[in-house]
Amino acid sequence: MKIAILSRNSNLYSTKRLVEAIRERGHEALVIDHMICDLIIEQEGPSIWYKGAKLTDIDAIIPRIGASVTFYGTAVVRQFEMMGVFTAIESQAIVRSRDKLRSLQILSRSGLGMPKTAFTNYSKGEKMLVEQVGGAPLIIKLLEGTQGLGVVLAETKKAAQSVIEAFHGLKARIIVQEFIKEAKGADIRAFIVNGEVVGAMKRQGVEGEFRSNLHRGGKAEIIKLSREEKQAALKAAKSLGLNVAGVDMLQSARGPLILEVNSSPGLEGIEKATQVNISGKIVEYIEQAIETKKKVKKIKA
Ligand code: ADP
Ligand code: MG
């Protein structure tokens with residue numbers, strides 16, 4: 001098989017490991033920078049041009065789309081889908097997961113635990129927003145933030161109201177969220193491949209920091225999930241339509257609370273913490289999915 005990784009940088013840990021895993025399992029690997037793909041759409045069907053040539057005979061793609069290029073990146077993934085190329089992560093699921101509000105709406109419908117969250121159309125009712133989520137301290141998040149940037153902890157009602165006012169004044173879209181104190185600056189990342197938790201880690205933020213993101217200096221260690229945590233993580237990934245996902249949860253007095261589901265979860269932290277060959281599991285999943293696709297085609301024919 002020929003498997004392409006959509007990635008802006010072939011030197012990134014995740015990209016390098018996926019290339020290795022693809023080769024180890026006897027396939028051909030290539031790295032394609034989605035930002036310099038040109039999409040041609042015409043009656044003869046969709047095609048993709050890359051570095052002066054038309055891309056042909058790719059069997060599957062593994063999208064690694066950064067949050068800053070979701071629009072173009074997902075257009076490229078969609079083009080591959082239209083060309084009948086199998087994708088480990090669907091374009092629509094990436095779009096869904098990138099918007100914190102939209103994801104939480106879907107997760108809430110699925111009955112999953114989550115910090116209580118409020119959203120308004122730049123309403124002047126900052127006080128109401130603050131009260132809705134149980135008063136201060138509370139969390140304010142930019143809708144499309146990532147790596148912990150754009151997440152603010154407001155310690156008092158006054159601080160919360162003025163931060164909300166400031167964001168609204170800038171026309172920045174934010175959600176206001178109940179602060180889960182019991183999490184103590186830690187969260188859990190469950191890595192899911194094809195309906196299975198293949199690894200889990202607990203990330204602890206640096207002293208005095210409520211954000212546990214590794215990019216903010218957090219430290220990770222392997223953790224065994226409870227049954228409840230496992231089930232919540234699997235259900236969250238499923239309801240967003242992600243077959244490869246990093247589900248972030250907080251441990252709280254009322255059980256696991258889902259924070260977000262990442263559609264391009266990094267491999268470095270989780271592989272180093274768990275010592276599991278997660279890249280290999282992703283390639284294995286692609287092999288199985290393509291095998292199933294072939295069988296279905298045969299039956300239909
Ligand atoms: P990002 O997409 O930037 O990673 P998250 O929503 O995952 O944003 O928040 C970053 C980190 O902040 C989380 O990993 C968690 O440690 C902490 N955090 C986020 N929301 C809450 C909350 N409601 N209560 C307590 N801690 C939170
Ligand atoms: Mg996060």
# chains A, B, ... in the order shown; residues from 1 in each chain; ligands from 1
$ residues_around --residues "A:Met128" --least-positions-apart "4" --cutoff "12 Å" --atoms "only C-alpha atoms" --output "number ranges by chain"
A: 118-120, 123-124, 132-135, 157, 160-161, 164, 176
$ residues_around --residues "A:Val85" --least-positions-apart "2" --cutoff "7 Å" --atoms "only C-alpha atoms" --output "list of chain:residue names"
A:Ile58, A:Asp59, A:Ala60, A:Phe80, A:Glu81, A:Met83, A:Thr87
$ write_last_selection --atoms "all heavy atoms" --output "PDB file, in the first residue's frame"
ATOM      1  N   ILE A  58      -2.549   6.734  -4.464  1.00  0.00           N
ATOM      2  CA  ILE A  58      -2.413   6.722  -3.010  1.00  0.00           C
ATOM      3  C   ILE A  58      -3.597   5.922  -2.455  1.00  0.00           C
ATOM      4  O   ILE A  58      -4.735   6.128  -2.866  1.00  0.00           O
ATOM      5  CB  ILE A  58      -2.406   8.157  -2.441  1.00  0.00           C
ATOM      6  CG1 ILE A  58      -1.110   8.851  -2.876  1.00  0.00           C
ATOM      7  CG2 ILE A  58      -2.540   8.165  -0.917  1.00  0.00           C
ATOM      8  CD1 ILE A  58      -1.036  10.302  -2.531  1.00  0.00           C
ATOM      9  N   ASP A  59      -3.314   4.984  -1.554  1.00  0.00           N
ATOM     10  CA  ASP A  59      -4.378   4.129  -1.020  1.00  0.00           C
ATOM     11  C   ASP A  59      -5.049   4.729   0.204  1.00  0.00           C
ATOM     12  O   ASP A  59      -6.232   4.528   0.438  1.00  0.00           O
ATOM     13  CB  ASP A  59      -3.802   2.761  -0.652  1.00  0.00           C
ATOM     14  CG  ASP A  59      -3.254   2.052  -1.872  1.00  0.00           C
ATOM     15  OD1 ASP A  59      -4.067   1.654  -2.725  1.00  0.00           O
ATOM     16  OD2 ASP A  59      -2.013   1.936  -1.994  1.00  0.00           O
ATOM     17  N   ALA A  60      -4.256   5.444   1.003  1.00  0.00           N
ATOM     18  CA  ALA A  60      -4.829   5.979   2.247  1.00  0.00           C
ATOM     19  C   ALA A  60      -4.048   7.203   2.691  1.00  0.00           C
ATOM     20  O   ALA A  60      -2.866   7.360   2.356  1.00  0.00           O
ATOM     21  CB  ALA A  60      -4.780   4.909   3.339  1.00  0.00           C
ATOM     22  N   PHE A  80      -9.390  14.276  -1.174  1.00  0.00           N
ATOM     23  CA  PHE A  80      -8.958  12.865  -1.183  1.00  0.00           C
ATOM     24  C   PHE A  80     -10.178  11.952  -1.020  1.00  0.00           C
ATOM     25  O   PHE A  80     -10.301  10.942  -1.698  1.00  0.00           O
ATOM     26  CB  PHE A  80      -7.953  12.592  -0.059  1.00  0.00           C
ATOM     27  CG  PHE A  80      -6.521  12.919  -0.408  1.00  0.00           C
ATOM     28  CD1 PHE A  80      -5.878  14.012   0.160  1.00  0.00           C
ATOM     29  CD2 PHE A  80      -5.804  12.125  -1.300  1.00  0.00           C
ATOM     30  CE1 PHE A  80      -4.546  14.305  -0.155  1.00  0.00           C
ATOM     31  CE2 PHE A  80      -4.477  12.413  -1.614  1.00  0.00           C
ATOM     32  CZ  PHE A  80      -3.850  13.507  -1.049  1.00  0.00           C
ATOM     33  N   GLU A  81     -11.070  12.313  -0.104  1.00  0.00           N
ATOM     34  CA  GLU A  81     -12.269  11.490   0.117  1.00  0.00           C
ATOM     35  C   GLU A  81     -13.070  11.381  -1.183  1.00  0.00           C
ATOM     36  O   GLU A  81     -13.519  10.301  -1.565  1.00  0.00           O
ATOM     37  CB  GLU A  81     -13.148  12.101   1.222  1.00  0.00           C
ATOM     38  CG  GLU A  81     -12.540  11.976   2.620  1.00  0.00           C
ATOM     39  CD  GLU A  81     -13.233  12.863   3.667  1.00  0.00           C
ATOM     40  OE1 GLU A  81     -14.130  13.659   3.307  1.00  0.00           O
ATOM     41  OE2 GLU A  81     -12.846  12.770   4.851  1.00  0.00           O
ATOM     42  N   MET A  83     -11.983  11.531  -4.079  1.00  0.00           N
ATOM     43  CA  MET A  83     -11.245  10.718  -5.050  1.00  0.00           C
ATOM     44  C   MET A  83     -11.278   9.236  -4.662  1.00  0.00           C
ATOM     45  O   MET A  83     -10.673   8.398  -5.330  1.00  0.00           O
ATOM     46  CB  MET A  83      -9.776  11.195  -5.116  1.00  0.00           C
ATOM     47  CG  MET A  83      -9.616  12.551  -5.791  1.00  0.00           C
ATOM     48  SD  MET A  83      -8.067  13.410  -5.323  1.00  0.00           S
ATOM     49  CE  MET A  83      -6.833  12.193  -5.723  1.00  0.00           C
ATOM     50  N   THR A  87      -9.338   7.722   4.304  1.00  0.00           N
ATOM     51  CA  THR A  87      -8.671   8.595   5.270  1.00  0.00           C
ATOM     52  C   THR A  87      -8.866   8.072   6.694  1.00  0.00           C
ATOM     53  O   THR A  87      -9.966   7.655   7.069  1.00  0.00           O
ATOM     54  CB  THR A  87      -9.152  10.063   5.152  1.00  0.00           C
ATOM     55  OG1 THR A  87      -8.526  10.834   6.177  1.00  0.00           O
ATOM     56  CG2 THR A  87     -10.667  10.207   5.279  1.00  0.00           C
TER      57      THR A  87
END
$ select_by_dssp --residues "stretch 28-164 of chain A" --states "alpha helix (DSSP H)" --output "PyMOL selection string"
chain A and resi 70-82+91-98+100-109+126-132+157-164
$ residues_around --residues "stretch 239-251 of chain A" --least-positions-apart "4" --cutoff "9 Å" --atoms "only C-alpha atoms" --output "mmCIF file with C-alpha atoms, in the first residue's frame"
data_model
loop_
_atom_site.group_PDB
_atom_site.id
_atom_site.type_symbol
_atom_site.label_atom_id
_atom_site.label_comp_id
_atom_site.auth_asym_id
_atom_site.auth_seq_id
_atom_site.Cartn_x
_atom_site.Cartn_y
_atom_site.Cartn_z
ATOM 1 C CA ALA A 88 -7.847 7.584 8.843
ATOM 2 C CA ILE A 89 -9.616 10.752 10.021
ATOM 3 C CA GLU A 90 -12.595 12.159 8.117
ATOM 4 C CA GLN A 92 -16.018 16.485 8.598
ATOM 5 C CA ALA A 93 -14.925 15.011 11.918
ATOM 6 C CA ILE A 94 -11.866 17.286 11.952
ATOM 7 C CA ARG A 96 -16.441 19.222 14.101
ATOM 8 C CA SER A 97 -13.686 18.654 16.659
ATOM 9 C CA SER A 103 -18.071 19.508 19.964
ATOM 10 C CA ILE A 106 -22.621 17.000 20.326
ATOM 11 C CA LEU A 107 -21.083 15.500 23.484
ATOM 12 C CA SER A 110 -24.663 11.982 23.904
ATOM 13 C CA MET A 114 -18.599 17.754 30.940
ATOM 14 C CA PRO A 115 -17.960 20.986 32.812
ATOM 15 C CA ILE A 180 -13.250 21.859 38.013
ATOM 16 C CA GLU A 182 -10.788 18.696 42.015
ATOM 17 C CA ALA A 183 -8.792 18.093 38.822
ATOM 18 C CA ALA A 186 -4.189 17.610 35.866
ATOM 19 C CA ASP A 187 -6.097 16.000 33.038
ATOM 20 C CA ILE A 188 -6.234 12.632 31.320
ATOM 21 C CA ARG A 189 -5.544 12.011 27.648
ATOM 22 C CA ALA A 190 -6.958 8.779 26.240
ATOM 23 C CA PHE A 191 -5.651 7.878 22.807
ATOM 24 C CA ILE A 192 -8.195 6.049 20.718
ATOM 25 C CA VAL A 193 -7.686 4.060 17.553
ATOM 26 C CA ASN A 194 -10.576 2.245 15.912
ATOM 27 C CA GLY A 195 -12.856 1.939 18.940
ATOM 28 C CA GLU A 229 -13.288 6.727 31.992
ATOM 29 C CA ALA A 232 -16.626 7.964 28.292
ATOM 30 C CA ALA A 233 -13.556 8.397 26.072
ATOM 31 C CA LEU A 234 -14.756 5.833 23.528
ATOM 32 C CA LYS A 235 -18.240 7.334 23.411
ATOM 33 C CA GLY A 255 -16.883 11.161 37.381
ATOM 34 C CA PRO A 256 -14.965 11.857 34.174
ATOM 35 C CA LEU A 257 -15.746 15.151 32.440
ATOM 36 C CA ILE A 258 -14.861 15.498 28.768
ATOM 37 C CA LEU A 259 -12.958 18.666 27.881
ATOM 38 C CA GLU A 260 -12.219 18.192 24.234
ATOM 39 C CA VAL A 261 -11.493 15.627 21.560
ATOM 40 C CA ASN A 262 -8.422 16.212 19.415
ATOM 41 C CA SER A 263 -8.420 15.062 15.808
ATOM 42 C CA SER A 264 -4.661 15.426 15.248
ATOM 43 C CA PRO A 265 -3.385 14.257 18.638
ATOM 44 C CA GLY A 266 0.387 14.384 19.082
ATOM 45 C CA ILE A 282 -2.865 3.577 13.406
ATOM 46 C CA TYR A 285 -6.229 0.191 11.607
#
$ atom_distance --atom1 "atom CA of A:Ser279" --atom2 "atom CA of A:Leu267"
7.4 Å
$ atom_distance --atom1 "atom CA of A:Leu55" --atom2 "atom CA of A:Ile41"
13.8 Å
$ closest_residue --among "A:Gly111, A:Gly218, A:Gly208, A:Gly84" --to "ligand 2" --atoms "only C-alpha atoms and all ligand atoms"
A:Gly218
$ residues_around --residues "stretch 8-19 of chain A" --least-positions-apart "6" --cutoff "10 Å" --atoms "only C-alpha atoms" --output "VMD selection string"
chain A and resid 27 to 36 62 64 to 66 264 to 269 271 277 to 283
$ closest_residue --among "A:Arg254, A:Lys2, A:Arg98, A:Lys181" --to "ligand 2" --atoms "only C-alpha atoms and all ligand atoms"
A:Arg98
$ select_by_dssp --residues "stretch 10-155 of chain A" --states "strand (DSSP E)" --output "ChimeraX atom specification"
/A:28-32,37-40,47-50,53-54,60-63,86-87,117-118,138-142,151-154
$ closest_residue --among "A:Lys141, A:Lys230, A:Arg203, A:Lys127" --to "A:Gln177" --atoms "only C-alpha atoms"
A:Lys141
$ closest_residue --among "A:Gly52, A:Gly185, A:Gly169, A:Gly145" --to "ligand 2" --atoms "only C-alpha atoms and all ligand atoms"
A:Gly145
$ residues_around --residues "A:Ser212" --least-positions-apart "2" --cutoff "9 Å" --atoms "only C-alpha atoms" --output "PyMOL selection string"
chain A and resi 148+185-187+202-206+209-210+214-220
$ atom_distance --atom1 "atom CA of A:Val95" --atom2 "atom CA of A:Ser68"
12.0 Å
$ residues_around --residues "A:Pro46" --least-positions-apart "2" --cutoff "8 Å" --atoms "only C-alpha atoms" --output "ChimeraX atom specification"
/A:39-42,44,48,79,82-83
